[in-house]
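Q: Supplied structure: my_file-v4.txt, compact mmCIF, C-alpha atoms.
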# COMPACT_ATOMS: atom_id res chain seq x y z
CA MET A 162 -19.46 51.73 -34.91
CA ARG A 163 -21.66 54.19 -36.74
CA PRO A 164 -25.40 54.03 -36.07
CA VAL A 165 -26.25 53.15 -39.67
CA LYS A 166 -23.72 50.34 -39.77
CA ARG A 167 -24.87 49.16 -36.35
CA LYS A 168 -28.45 49.06 -37.52
CA LYS A 169 -27.34 47.11 -40.55
CA SER A 170 -25.47 44.66 -38.36
CA PHE A 171 -28.41 44.03 -36.12
CA LEU A 172 -30.61 43.66 -39.14
CA VAL A 173 -28.31 40.93 -40.44
CA LEU A 174 -28.34 39.36 -37.02
CA ALA A 175 -32.11 39.42 -36.92
CA VAL A 176 -32.21 37.83 -40.34
CA LEU A 177 -29.83 35.13 -39.18
CA LEU A 178 -31.96 34.47 -36.10
CA VAL A 179 -35.04 34.16 -38.23
CA PHE A 180 -33.12 31.89 -40.55
CA VAL A 181 -32.08 29.47 -37.80
CA PHE A 182 -35.54 29.42 -36.31
CA VAL A 183 -36.98 28.64 -39.72
CA LEU A 184 -34.30 26.02 -40.19
CA LEU A 185 -35.14 24.53 -36.83
CA SER A 186 -38.83 24.46 -37.66
CA TYR A 187 -38.13 22.96 -41.03
CA GLN A 188 -35.97 20.21 -39.58
CA LEU A 189 -38.62 19.40 -37.04
CA SER A 190 -41.34 19.32 -39.62
CA PHE A 191 -39.38 17.36 -42.19
CA PRO A 192 -36.88 15.12 -40.48
CA GLN A 193 -34.14 14.19 -42.92
CA ASN A 194 -31.26 11.83 -43.06
CA PRO A 195 -27.93 13.40 -42.06
CA ASN A 196 -26.66 15.64 -44.81
CA LEU A 197 -23.19 15.46 -46.25
CA LEU A 198 -21.71 18.18 -44.06
CA ARG A 199 -23.07 16.54 -40.93
CA LYS A 200 -21.65 13.22 -42.07
CA VAL A 201 -18.25 14.77 -42.73
CA VAL A 202 -18.24 16.47 -39.37
CA LEU A 203 -19.29 13.29 -37.59
CA GLU A 204 -16.69 11.26 -39.44
CA THR A 205 -13.92 13.72 -38.74
CA SER A 206 -14.96 14.17 -35.15
CA SER A 207 -15.12 10.44 -34.59
CA VAL A 208 -11.52 10.11 -35.77
CA MET A 209 -10.46 12.98 -33.54
CA GLU A 210 -12.51 11.72 -30.63
CA SER A 211 -11.06 8.26 -30.91
CA THR A 212 -7.57 9.76 -31.00
CA VAL A 213 -8.28 11.90 -27.97
CA ASP A 214 -10.02 8.99 -26.25
CA HIS A 215 -7.05 6.77 -26.96
CA THR A 216 -4.69 9.38 -25.55
CA ILE A 217 -6.90 9.77 -22.49
CA ALA A 218 -7.07 6.00 -22.11
CA VAL A 219 -3.28 5.79 -22.25
CA ILE A 220 -2.94 8.55 -19.68
CA LYS A 221 -5.61 7.01 -17.48
CA GLY A 222 -4.00 3.60 -17.83
CA THR A 223 -0.62 4.98 -16.89
CA TRP A 224 -2.11 6.86 -13.97
CA SER A 225 -4.07 3.82 -12.86
CA ARG A 226 -0.95 1.69 -13.02
CA TYR A 227 0.91 4.33 -11.06
CA LEU A 228 -1.85 4.40 -8.48
CA PHE A 229 -1.93 0.61 -8.50
CA LEU A 230 1.80 0.45 -7.96
CA HIS A 231 1.56 3.13 -5.32
CA GLY A 232 -1.19 1.13 -3.64
CA LEU A 233 0.93 -1.95 -4.07
CA VAL A 234 3.74 -0.36 -2.08
CA ASP A 235 1.35 0.41 0.78
CA GLU A 236 -0.20 -3.04 0.50
CA ASN A 237 3.24 -4.62 0.46
CA LYS A 238 4.24 -2.66 3.55
CA ARG A 239 1.04 -3.65 5.33
CA LEU A 240 1.48 -7.30 4.36
CA GLN A 241 5.07 -7.24 5.52
CA GLU A 242 3.92 -5.96 8.89
CA VAL A 243 1.23 -8.64 9.02
CA ASN A 244 3.78 -11.21 7.95
CA ALA A 245 6.20 -10.09 10.64
CA GLY A 246 3.42 -10.38 13.21
CA LEU A 247 2.46 -13.83 11.98
CA ALA A 248 6.09 -14.90 11.96
CA ARG A 249 6.35 -13.76 15.58
CA ASP A 250 3.20 -15.71 16.41
CA VAL A 251 4.49 -18.81 14.64
CA LEU A 252 7.77 -18.48 16.49
CA ALA A 253 5.94 -18.14 19.81
CA TYR A 254 3.78 -21.17 19.02
CA GLU A 255 6.81 -23.17 17.97
CA GLU A 256 8.58 -22.17 21.17
CA ALA A 257 5.55 -23.22 23.20
CA ARG A 258 5.36 -26.52 21.32
CA LEU A 259 9.02 -27.29 21.87
CA GLU A 260 8.79 -26.27 25.49
CA ASN A 261 5.82 -28.54 25.85
CA ILE A 262 7.81 -31.44 24.39
CA ARG A 263 10.74 -30.74 26.70
CA LEU A 264 8.55 -30.44 29.75
CA ARG A 265 6.76 -33.68 28.86
CA GLN A 266 10.12 -35.43 28.54
CA LEU A 267 11.23 -33.93 31.82
CA LEU A 268 7.99 -34.95 33.47
CA ALA A 269 8.29 -38.48 32.12
CA PHE A 270 11.86 -38.62 33.36
CA LYS A 271 10.83 -37.23 36.70
CA GLU A 272 8.16 -39.88 37.10
CA GLN A 273 10.72 -42.61 36.38
CA GLN A 274 12.96 -41.50 39.23
CA LYS A 275 12.78 -42.96 42.68
CA PHE A 276 13.59 -39.67 44.31
CA SER A 277 11.86 -36.37 44.60
CA THR A 278 12.89 -33.57 42.30
CA VAL A 279 12.09 -29.96 41.64
CA SER A 280 11.88 -28.78 38.10
CA ALA A 281 13.43 -25.43 37.37
CA ARG A 282 13.92 -23.21 34.40
CA VAL A 283 17.40 -22.10 33.42
CA ILE A 284 17.35 -18.33 33.61
CA ARG A 285 20.96 -17.58 32.84
CA ARG A 286 23.94 -19.55 31.67
CA ASP A 287 27.54 -18.58 32.04
CA LEU A 288 29.57 -21.15 30.14
CA SER A 289 32.52 -19.04 29.12
CA GLY A 290 33.38 -17.29 32.36
CA ILE A 291 35.78 -18.21 35.07
CA MET A 292 33.17 -20.51 36.58
CA LYS A 293 30.87 -22.41 34.29
CA THR A 294 27.50 -22.15 35.93
CA LEU A 295 23.79 -22.05 35.29
CA MET A 296 21.23 -20.01 37.17
CA ILE A 297 17.84 -21.57 37.75
CA ASP A 298 14.61 -19.97 38.89
CA CYS A 299 14.09 -22.13 41.98
CA GLY A 300 15.78 -21.72 45.31
CA GLU A 301 15.51 -22.47 48.97
CA ASN A 302 11.80 -21.80 49.00
CA ASP A 303 11.43 -24.73 46.62
CA GLY A 304 13.58 -27.04 48.74
CA ILE A 305 16.80 -26.63 46.84
CA ARG A 306 19.96 -26.77 48.91
CA LYS A 307 23.67 -26.50 48.27
CA GLY A 308 25.26 -29.76 47.08
CA GLN A 309 22.18 -31.20 45.38
CA LEU A 310 22.52 -32.61 41.89
CA ALA A 311 20.83 -31.14 38.87
CA ILE A 312 19.86 -33.59 36.17
CA VAL A 313 18.02 -33.88 32.89
CA ASP A 314 16.90 -36.96 30.99
CA ALA A 315 20.28 -37.14 29.27
CA GLY A 316 22.23 -37.20 32.49
CA VAL A 317 23.72 -35.14 35.27
CA VAL A 318 24.09 -31.40 34.70
CA GLY A 319 26.03 -30.44 37.79
CA ARG A 320 25.79 -29.57 41.43
CA VAL A 321 24.08 -26.71 43.23
CA ILE A 322 26.76 -24.50 44.71
CA GLU A 323 24.77 -21.49 45.80
CA THR A 324 21.17 -20.77 46.61
CA THR A 325 18.95 -17.84 47.30
CA TRP A 326 15.29 -17.94 48.24
CA ASN A 327 14.11 -18.16 44.68
CA ALA A 328 17.18 -18.96 42.62
CA ALA A 329 20.14 -21.26 42.62
CA ARG A 330 23.46 -21.55 40.88
CA ILE A 331 24.60 -24.86 39.43
CA LEU A 332 28.23 -25.66 38.77
CA ILE A 333 28.25 -27.76 35.62
CA LEU A 334 30.30 -30.89 35.19
CA THR A 335 32.88 -29.40 32.88
CA ASP A 336 33.99 -26.67 35.26
CA GLU A 337 37.45 -27.25 36.75
CA ASN A 338 36.01 -26.98 40.26
CA SER A 339 33.51 -29.74 39.65
CA ASN A 340 34.35 -33.09 41.25
CA ILE A 341 31.87 -35.93 41.40
CA ASP A 342 32.35 -39.50 42.56
CA ALA A 343 31.88 -41.71 39.52
CA LEU A 344 32.20 -45.27 38.36
CA ILE A 345 32.73 -46.97 35.03
CA GLN A 346 29.60 -48.92 34.16
CA THR A 347 31.24 -51.98 32.66
CA THR A 348 34.10 -52.49 35.09
CA ARG A 349 32.51 -50.89 38.18
CA THR A 350 35.72 -49.05 38.80
CA TYR A 351 35.43 -45.93 40.94
CA GLY A 352 37.03 -42.63 40.26
CA ILE A 353 36.53 -38.88 40.44
CA LEU A 354 35.05 -37.06 37.48
CA GLN A 355 36.58 -33.64 37.26
CA GLY A 356 35.85 -30.83 34.83
CA THR A 357 38.59 -29.70 32.49
CA GLY A 358 37.34 -26.19 31.87
CA LYS A 359 36.61 -27.09 28.27
CA ASP A 360 33.70 -29.15 26.98
CA THR A 361 34.91 -32.36 28.52
CA CYS A 362 35.71 -33.94 31.88
CA SER A 363 38.52 -36.06 33.13
CA LEU A 364 38.03 -39.26 35.09
CA LYS A 365 40.72 -39.30 37.74
CA HIS A 366 42.30 -41.95 39.95
CA ILE A 367 41.70 -44.94 37.69
CA VAL A 368 44.84 -47.04 38.03
CA LYS A 369 46.32 -48.41 34.85
CA THR A 370 45.81 -51.98 35.99
CA GLU A 371 42.10 -51.49 35.36
CA THR A 372 40.48 -51.90 32.01
CA VAL A 373 39.05 -48.76 30.43
CA ASN A 374 37.69 -48.70 26.92
CA GLN A 375 36.50 -46.03 24.63
CA ASP A 376 32.69 -45.50 24.81
CA ASP A 377 32.49 -46.81 28.37
CA ILE A 378 29.64 -45.17 30.22
CA ILE A 379 30.47 -43.21 33.36
CA LEU A 380 27.82 -43.11 36.10
CA THR A 381 27.47 -41.48 39.51
CA SER A 382 28.75 -43.72 42.28
CA GLY A 383 26.31 -42.55 44.97
CA LEU A 384 29.15 -42.22 47.44
CA ALA A 385 29.66 -39.21 49.70
CA GLY A 386 25.94 -38.57 49.79
CA GLU A 387 26.01 -36.55 46.58
CA GLY A 388 23.02 -38.22 45.05
CA PRO A 389 21.65 -41.49 43.84
CA LYS A 390 23.89 -44.05 42.28
CA GLY A 391 23.79 -44.81 38.56
CA LEU A 392 22.99 -41.41 37.06
CA ALA A 393 24.58 -40.97 33.65
CA LEU A 394 27.54 -38.63 33.57
CA GLY A 395 29.24 -39.16 30.26
CA VAL A 396 31.05 -41.45 27.91
CA VAL A 397 34.74 -42.19 27.58
CA ARG A 398 36.16 -40.62 24.47
CA ARG A 399 39.80 -41.38 25.10
CA ALA A 400 41.71 -43.47 27.69
CA GLU A 401 45.51 -43.46 27.76
CA TYR A 402 48.35 -43.95 30.13
CA ASP A 403 52.12 -43.64 30.10
CA LYS A 404 54.78 -45.57 31.94
CA THR A 405 55.68 -42.70 34.25
CA ASN A 406 52.17 -42.33 35.60
CA MET A 407 50.22 -44.88 37.59
CA PHE A 408 46.79 -43.57 36.57
CA PHE A 409 44.86 -43.49 33.33
CA ASP A 410 44.38 -40.24 31.51
CA ILE A 411 40.69 -40.59 30.66
CA GLU A 412 38.70 -37.98 28.71
CA VAL A 413 34.96 -38.12 29.27
CA VAL A 414 32.36 -36.33 27.20
CA PRO A 415 29.28 -35.40 29.25
CA PHE A 416 25.93 -36.60 27.95
CA VAL A 417 24.34 -33.26 28.56
CA ASP A 418 24.69 -30.43 26.07
CA PHE A 419 24.94 -27.53 28.51
CA ARG A 420 24.47 -24.92 25.81
CA LYS A 421 20.98 -26.16 25.02
CA LEU A 422 19.65 -26.58 28.53
CA GLU A 423 16.42 -24.80 29.29
CA GLU A 424 14.93 -26.80 32.15
CA VAL A 425 16.52 -29.04 34.77
CA LEU A 426 15.45 -31.21 37.64
CA VAL A 427 17.12 -30.77 41.01
CA ILE A 428 17.16 -33.82 43.22
CA THR A 429 15.84 -32.53 46.51
CA GLY A 430 14.51 -35.51 48.48
CA LYS A 431 15.83 -38.74 49.82
CA TRP A 432 16.82 -41.54 47.49
CA GLN A 433 17.34 -45.21 47.91
CA GLY A 434 20.13 -47.01 46.17
CA THR A 435 20.44 -46.51 42.47
CA SER A 436 18.37 -44.29 40.26
CA MET B 140 -9.67 35.75 -44.32
CA ILE B 141 -7.22 33.72 -42.28
CA SER B 142 -8.78 35.06 -39.11
CA TRP B 143 -12.02 33.46 -40.22
CA LEU B 144 -10.57 30.18 -41.29
CA ALA B 145 -8.22 29.73 -38.33
CA TRP B 146 -11.07 29.64 -35.88
CA ILE B 147 -12.92 26.86 -37.71
CA PRO B 148 -10.53 24.03 -36.70
CA ILE B 149 -9.96 25.64 -33.31
CA ILE B 150 -13.68 25.56 -32.58
CA PHE B 151 -13.83 22.04 -33.89
CA PHE B 152 -11.03 21.05 -31.57
CA LEU B 153 -12.70 22.87 -28.69
CA VAL B 154 -15.90 20.92 -29.24
CA ILE B 155 -13.98 17.64 -29.35
CA ILE B 156 -12.16 18.51 -26.13
CA GLN B 157 -15.47 19.46 -24.59
CA LYS B 158 -16.93 16.10 -25.48
CA THR B 159 -13.96 14.00 -24.42
CA VAL B 160 -11.46 15.47 -21.97
CA VAL B 161 -13.94 17.47 -19.89
CA GLY B 162 -16.11 14.39 -19.53
CA VAL B 163 -13.18 12.46 -18.17
CA LEU B 164 -12.03 15.26 -15.86
CA ALA B 165 -15.56 15.65 -14.51
CA PHE B 166 -15.87 11.87 -14.12
CA HIS B 167 -18.79 11.96 -16.58
CA HIS B 168 -20.98 13.60 -13.94
CA LEU B 169 -20.89 17.05 -15.43
CA SER B 170 -21.04 18.40 -18.97
CA VAL B 171 -19.34 21.71 -19.50
CA ASP B 172 -20.28 23.63 -22.62
CA LEU B 173 -16.95 25.29 -23.34
CA THR B 174 -18.20 26.34 -26.79
CA MET B 175 -20.64 28.64 -25.07
CA ILE B 176 -17.70 30.58 -23.63
CA PHE B 177 -16.41 31.01 -27.15
CA VAL B 178 -19.81 32.28 -28.27
CA VAL B 179 -19.79 34.86 -25.46
CA PHE B 180 -16.24 35.79 -26.38
CA ALA B 181 -17.20 36.16 -30.03
CA GLY B 182 -20.17 38.30 -29.11
CA LEU B 183 -18.09 40.59 -26.93
CA ASN B 184 -14.96 40.79 -29.05
CA MET B 185 -15.54 39.90 -32.69
CA SER B 186 -17.24 41.69 -35.52
CA MET B 187 -20.84 40.80 -36.11
CA ALA B 188 -20.18 39.07 -39.41
CA ARG B 189 -17.23 36.97 -38.27
CA GLY B 190 -18.70 36.27 -34.86
CA SER B 191 -22.10 35.19 -36.15
CA VAL B 192 -20.62 32.87 -38.77
CA LEU B 193 -18.28 31.28 -36.23
CA THR B 194 -21.17 31.02 -33.78
CA LEU B 195 -23.27 29.22 -36.35
CA TRP B 196 -20.36 26.90 -37.05
CA ALA B 197 -19.94 26.19 -33.35
CA GLY B 198 -23.67 25.62 -32.98
CA PHE B 199 -23.67 23.28 -35.91
CA LEU B 200 -20.76 21.27 -34.53
CA VAL B 201 -22.27 20.97 -31.06
CA SER B 202 -25.63 19.98 -32.55
CA VAL B 203 -23.99 17.31 -34.68
CA LEU B 204 -21.84 15.95 -31.88
CA THR B 205 -24.63 15.95 -29.34
CA GLY B 206 -26.92 14.29 -31.84
CA SER B 207 -29.58 16.92 -31.57
CA VAL B 208 -31.41 18.71 -34.35
CA THR B 209 -28.85 20.57 -36.42
CA ALA B 210 -30.29 24.00 -35.88
CA LEU B 211 -30.89 23.66 -32.13
CA PHE B 212 -27.56 24.89 -30.84
CA MET B 213 -27.15 27.19 -33.84
CA CYS B 214 -30.29 28.90 -32.70
CA VAL B 215 -29.39 29.03 -29.00
CA TYR B 216 -25.84 30.19 -29.66
CA LEU B 217 -26.98 32.84 -32.08
CA VAL B 218 -29.31 34.27 -29.44
CA ILE B 219 -26.46 34.36 -26.93
CA PHE B 220 -24.13 35.84 -29.50
CA SER B 221 -26.71 38.51 -30.30
CA LEU B 222 -27.09 39.38 -26.64
CA SER B 223 -23.32 39.50 -26.13
CA HIS B 224 -22.82 41.59 -29.20
CA LEU B 225 -25.54 43.97 -28.07
CA ILE B 226 -23.89 44.27 -24.67
CA SER B 227 -20.47 44.83 -26.24
CA THR B 228 -21.75 47.96 -27.94
CA ARG B 229 -22.80 49.42 -24.58
CA ILE B 230 -20.20 48.10 -22.10
CA LEU B 231 -16.45 47.75 -22.25
CA ALA B 232 -16.28 44.13 -21.17
CA ARG B 233 -12.75 43.76 -19.89
CA THR B 234 -12.86 42.89 -16.20
CA SER B 235 -12.80 39.27 -15.10
CA LEU B 236 -15.70 39.83 -12.76
CA PHE B 237 -17.88 41.02 -15.58
CA ILE B 238 -16.80 38.12 -17.77
CA VAL B 239 -17.62 35.63 -15.01
CA CYS B 240 -20.99 37.15 -14.26
CA PHE B 241 -21.95 37.58 -17.88
CA THR B 242 -20.88 34.05 -18.79
CA MET B 243 -22.94 32.67 -15.93
CA LEU B 244 -25.89 34.74 -17.14
CA CYS B 245 -25.43 33.41 -20.66
CA ALA B 246 -25.08 29.84 -19.38
CA ALA B 247 -28.34 30.24 -17.50
CA LEU B 248 -29.93 31.73 -20.61
CA GLU B 249 -28.65 28.83 -22.69
CA GLY B 250 -30.21 26.42 -20.22
CA ILE B 251 -33.51 28.24 -20.26
CA LEU B 252 -33.51 28.38 -24.05
CA LEU B 253 -32.63 24.73 -24.41
CA MET B 254 -35.33 23.68 -21.97
CA ALA B 255 -37.85 26.02 -23.55
CA ILE B 256 -37.12 24.85 -27.09
CA ASN B 257 -37.17 21.23 -25.99
CA ARG B 258 -40.38 21.67 -24.06
CA TYR B 259 -42.38 23.95 -26.26
CA TYR B 260 -40.78 23.60 -29.69
CA LEU B 261 -39.70 20.00 -29.82
CA GLY B 262 -42.42 18.79 -27.45
CA VAL B 263 -40.05 16.99 -25.13
CA THR B 264 -41.57 16.21 -21.75
CA GLY B 265 -39.72 15.48 -18.55
CA ILE B 266 -37.05 18.11 -18.85
CA GLU B 267 -36.25 18.13 -15.11
CA GLY B 268 -33.23 15.94 -15.79
CA MET B 269 -32.00 18.58 -18.20
CA LEU B 270 -32.19 21.12 -15.39
CA TRP B 271 -29.78 19.09 -13.29
CA ALA B 272 -27.39 18.91 -16.22
CA ILE B 273 -27.56 22.64 -16.82
CA LEU B 274 -27.47 24.07 -13.30
CA PRO B 275 -24.06 22.71 -12.20
CA GLN B 276 -22.33 23.93 -15.33
CA ILE B 277 -23.36 27.55 -14.76
CA PRO B 278 -20.81 28.26 -11.98
CA VAL B 279 -18.23 26.05 -13.65
CA LEU B 280 -18.49 27.99 -16.91
CA GLY B 281 -18.36 31.24 -14.97
CA ILE B 282 -15.16 30.21 -13.21
CA LEU B 283 -13.54 28.92 -16.37
CA SER B 284 -14.52 31.85 -18.55
CA PRO B 285 -11.66 34.28 -17.67
CA LEU B 286 -9.17 31.54 -18.43
CA PHE B 287 -10.72 30.75 -21.79
CA PHE B 288 -11.13 34.41 -22.62
CA HIS B 289 -7.43 34.82 -22.02
CA ALA B 290 -6.68 31.85 -24.26
CA PHE B 291 -9.01 33.09 -27.00
CA LYS B 292 -7.39 36.51 -26.88
CA LYS B 293 -3.99 34.87 -27.28
CA ILE B 294 -5.28 32.99 -30.29
CA GLU B 295 -6.67 36.19 -31.74
CA ALA B 296 -3.29 37.81 -31.20
CA VAL B 297 -1.57 34.96 -32.95
CA ILE B 298 -3.77 35.18 -35.98
CA HIS B 299 -3.20 38.93 -36.06
CA VAL B 300 -6.68 40.09 -35.49
CA ARG B 301 -6.68 42.45 -32.62
CA LYS B 302 -9.90 44.20 -32.37
CA TYR B 303 -9.36 45.20 -28.76
Would you write out, as structure tokens, the structure that this file holds?
A:
Amino acid sequence: MRPVKRKKSFLVLAVLLVFVFVLLSYQLSFPQNPNLLRKVVLETSSVMESTVDHTIAVIKGTWSRYLFLHGLVDENKRLQEVNAGLARDVLAYEEARLENIRLRQLLAFKEQQKFSTVSARVIRRDLSGIMKTLMIDCGENDGIRKGQLAIVDAGVVGRVIETTWNAARILILTDENSNIDALIQTTRTYGILQGTGKDTCSLKHIVKTETVNQDDIILTSGLAGEGPKGLALGVVRRAEYDKTNMFFDIEVVPFVDFRKLEEVLVITGKWQGTS
Amino acid sequence: MISWLAWIPIIFFLVIIQKTVVGVLAFHHLSVDLTMIFVVFAGLNMSMARGSVLTLWAGFLVSVLTGSVTALFMCVYLVIFSLSHLISTRILARTSLFIVCFTMLCAALEGILLMAINRYYLGVTGIEGMLWAILPQIPVLGILSPLFFHAFKKIEAVIHVRKY
């Protein structure tokens, strides 16, 4: 830029500066309503600003929703974890409640008996093996001995066949090796209740001259020192005989549901007569 | 002529962006006077006639949109433009570092001018709040200036006015 032209430029600039300062002073001295150009600019800018604002609002809204949804995922995960914890708690409380009910029933049943018992918790059940047994958490230290009967309020569970100091194994009624002296409640007929290996038992040695009906109750006989007389064993489901055999073929369904057992009583002490 | 006219809507748009988007991005805690970067750019890169007219236009727009006296920003911007233009005749202002430093200097000058005019010309008292609005934008404008200079140069290239 040549010096003369540069001087001219700065002169124009100086004039402009003076002009705006004068303008500023004038506007301060004589405040006016917005002029037309200012109005046009404001009007145009307001339209543009509202458009930009709207666009920003849309973007912000979308982002907020995204963040909200993102937060929702985390919240959902957290709530699921809380829910799982609560469900576990509820389950534990329900278990405790049901256990309480069972133990109360067992206690009530125990108090009804005229013989001493030891309550034990079933710690393992083997109902599909070669021998159908239950393991309980009480043993010799608790007074449990081989041959004692295990019962619940529904009836007899089985007989103790093996003991350790703190555990015992019970052979349940339905095992083929289980034999218990029994009698039919209505007719007072004696027989041997033997397991079939399935879910039922068979009442043996009932001669066909006796009367056996369906739904007859089978009780312990109290013979052979196995336990008190009159404990419930099962109910007759079917009783048949054929001409070639002198005994009834009697199918007995035990009262106890062995798959649902959680606690049992083992008859440990002396008993007198019937239960 | 087109190089004159093309900048008018661009500056307008820049002022709108400055008033809307920047406010949102800064969470309405910081005002960033992007137009000031344009004024510095115009002072360093444009001819005196074109630059001064566009500076006055920018000042007018900012005054209108900020609701201040019409000539306030025209006056401040014209001073900054004059300083920039004066510098441009002495220094080849190409490096980013210079642009950053000079923009920060101009932002500080703008703040001082605004406070001075408000205090001594318009008789506004209690301008300490203004100080807290001006100070944070000085480094922000400095950091942003190379980016905007690059963009303005691209625009100049598009409208076929390449002075540099």
Q: Work out how far atom CA of Cys299 of chain A is from atom CA of Thr325 of chain A, in Å to one decimal.
A: 8.4 Å
Q: Can you list, as an NGL selection string, every protein, DNA or RNA residue that comes within 6 Å of segment 278-293 of chain A when you count all atoms listed in the file, leaving out same-chain residues fewer than 6 positions away?
A: :A and (299 or 336 or 423-429)
Q: Please produce a file of the residues just selected, as a JSON list (two decimals), in the coordinates of the input, where the atoms kept are C-alpha atoms.
A:
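The file below, result.json, is the result:
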[["chain", "number", "residue", "atom", "x", "y", "z"],
["A", 299, "CYS", "CA", 14.09, -22.13, 41.98],
["A", 336, "ASP", "CA", 33.99, -26.67, 35.26],
["A", 423, "GLU", "CA", 16.42, -24.80, 29.29],
["A", 424, "GLU", "CA", 14.93, -26.80, 32.15],
["A", 425, "VAL", "CA", 16.52, -29.04, 34.77],
["A", 426, "LEU", "CA", 15.45, -31.21, 37.64],
["A", 427, "VAL", "CA", 17.12, -30.77, 41.01],
["A", 428, "ILE", "CA", 17.16, -33.82, 43.22],
["A", 429, "THR", "CA", 15.84, -32.53, 46.51]]
Q: Pull out every residue of chain A sitting within 10 Å of chain B, counting all atoms listed in the file, and send them as a PyMOL selection string.
A: chain A and resi 162+167+170-171+173-175+177-190+192+195-196+198-200+202-203+205-207+209-211+213-214+216-218+221
Q: Between atom CA of Gln276 of chain B and atom CA of Gly182 of chain B, what is the spacing in Å?
A: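 Spanning atom CA of Gly182 of chain B to atom CA of Gln276 of chain B is a straight-line distance of 20.0 Å.
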Q: With a distance cut-off of 7 Å and only C-alpha atoms, select the neighbouring residues of segment 352-368 of chain A, excluding the residue or stretch itself and same-chain residues fewer than 5 positions from it, and output the selection as a list in words.
A: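 Contacts, with the query itself left out: Leu334, Thr335, Asp336, Glu337, Asn338, Ser339, Asn340, Ile341, Asp342, Ala343, Leu344, Met407, Phe408, Phe409, Ile411, Glu412, Val413, Val414 and Pro415 of chain A.
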Q: For Trp143 of chain B, which residue among B:Val239, B:Val201, B:Met175, B:Ala181 is the nearest when counting only C-alpha atoms?
A: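 Nearest candidate to Trp143 of chain B out of B:Val239, B:Val201, B:Met175, B:Ala181: B:Ala181.
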Q: Please produce segment 322-336 of chain A, completed to N, CA and C atoms, as a short mmCIF file (atom, residue, chain, number, x, y, z; two decimals), in the coordinates of the input.
A:
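This went into out_30.cif:
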data_model
loop_
_atom_site.label_atom_id
_atom_site.label_comp_id
_atom_site.auth_asym_id
_atom_site.auth_seq_id
_atom_site.Cartn_x
_atom_site.Cartn_y
_atom_site.Cartn_z
N ILE A 322 25.68 -25.03 43.87
CA ILE A 322 26.76 -24.50 44.71
C ILE A 322 26.33 -23.27 45.49
N GLU A 323 25.19 -22.72 45.12
CA GLU A 323 24.77 -21.49 45.80
C GLU A 323 23.26 -21.37 45.65
N THR A 324 22.63 -20.93 46.71
CA THR A 324 21.17 -20.77 46.61
C THR A 324 20.74 -19.44 47.20
N THR A 325 19.67 -18.95 46.68
CA THR A 325 18.95 -17.84 47.30
C THR A 325 17.54 -18.36 47.56
N TRP A 326 16.64 -17.44 47.94
CA TRP A 326 15.29 -17.94 48.24
C TRP A 326 14.58 -18.47 46.98
N ASN A 327 14.84 -17.78 45.90
CA ASN A 327 14.11 -18.16 44.68
C ASN A 327 15.01 -18.43 43.49
N ALA A 328 16.26 -18.65 43.72
CA ALA A 328 17.18 -18.96 42.62
C ALA A 328 18.32 -19.80 43.14
N ALA A 329 18.99 -20.43 42.22
CA ALA A 329 20.14 -21.26 42.62
C ALA A 329 21.15 -21.29 41.48
N ARG A 330 22.40 -21.48 41.88
CA ARG A 330 23.46 -21.55 40.88
C ARG A 330 23.97 -22.98 40.83
N ILE A 331 24.14 -23.48 39.62
CA ILE A 331 24.60 -24.86 39.43
C ILE A 331 25.97 -24.83 38.77
N LEU A 332 26.90 -25.52 39.38
CA LEU A 332 28.23 -25.66 38.77
C LEU A 332 28.17 -26.87 37.84
N ILE A 333 28.41 -26.65 36.58
CA ILE A 333 28.25 -27.76 35.62
C ILE A 333 29.48 -28.68 35.64
N LEU A 334 29.27 -29.84 35.10
CA LEU A 334 30.30 -30.89 35.19
C LEU A 334 31.64 -30.49 34.61
N THR A 335 31.62 -29.68 33.58
CA THR A 335 32.88 -29.40 32.88
C THR A 335 33.72 -28.32 33.54
N ASP A 336 33.18 -27.68 34.56
CA ASP A 336 33.99 -26.67 35.26
C ASP A 336 35.13 -27.35 36.02
#
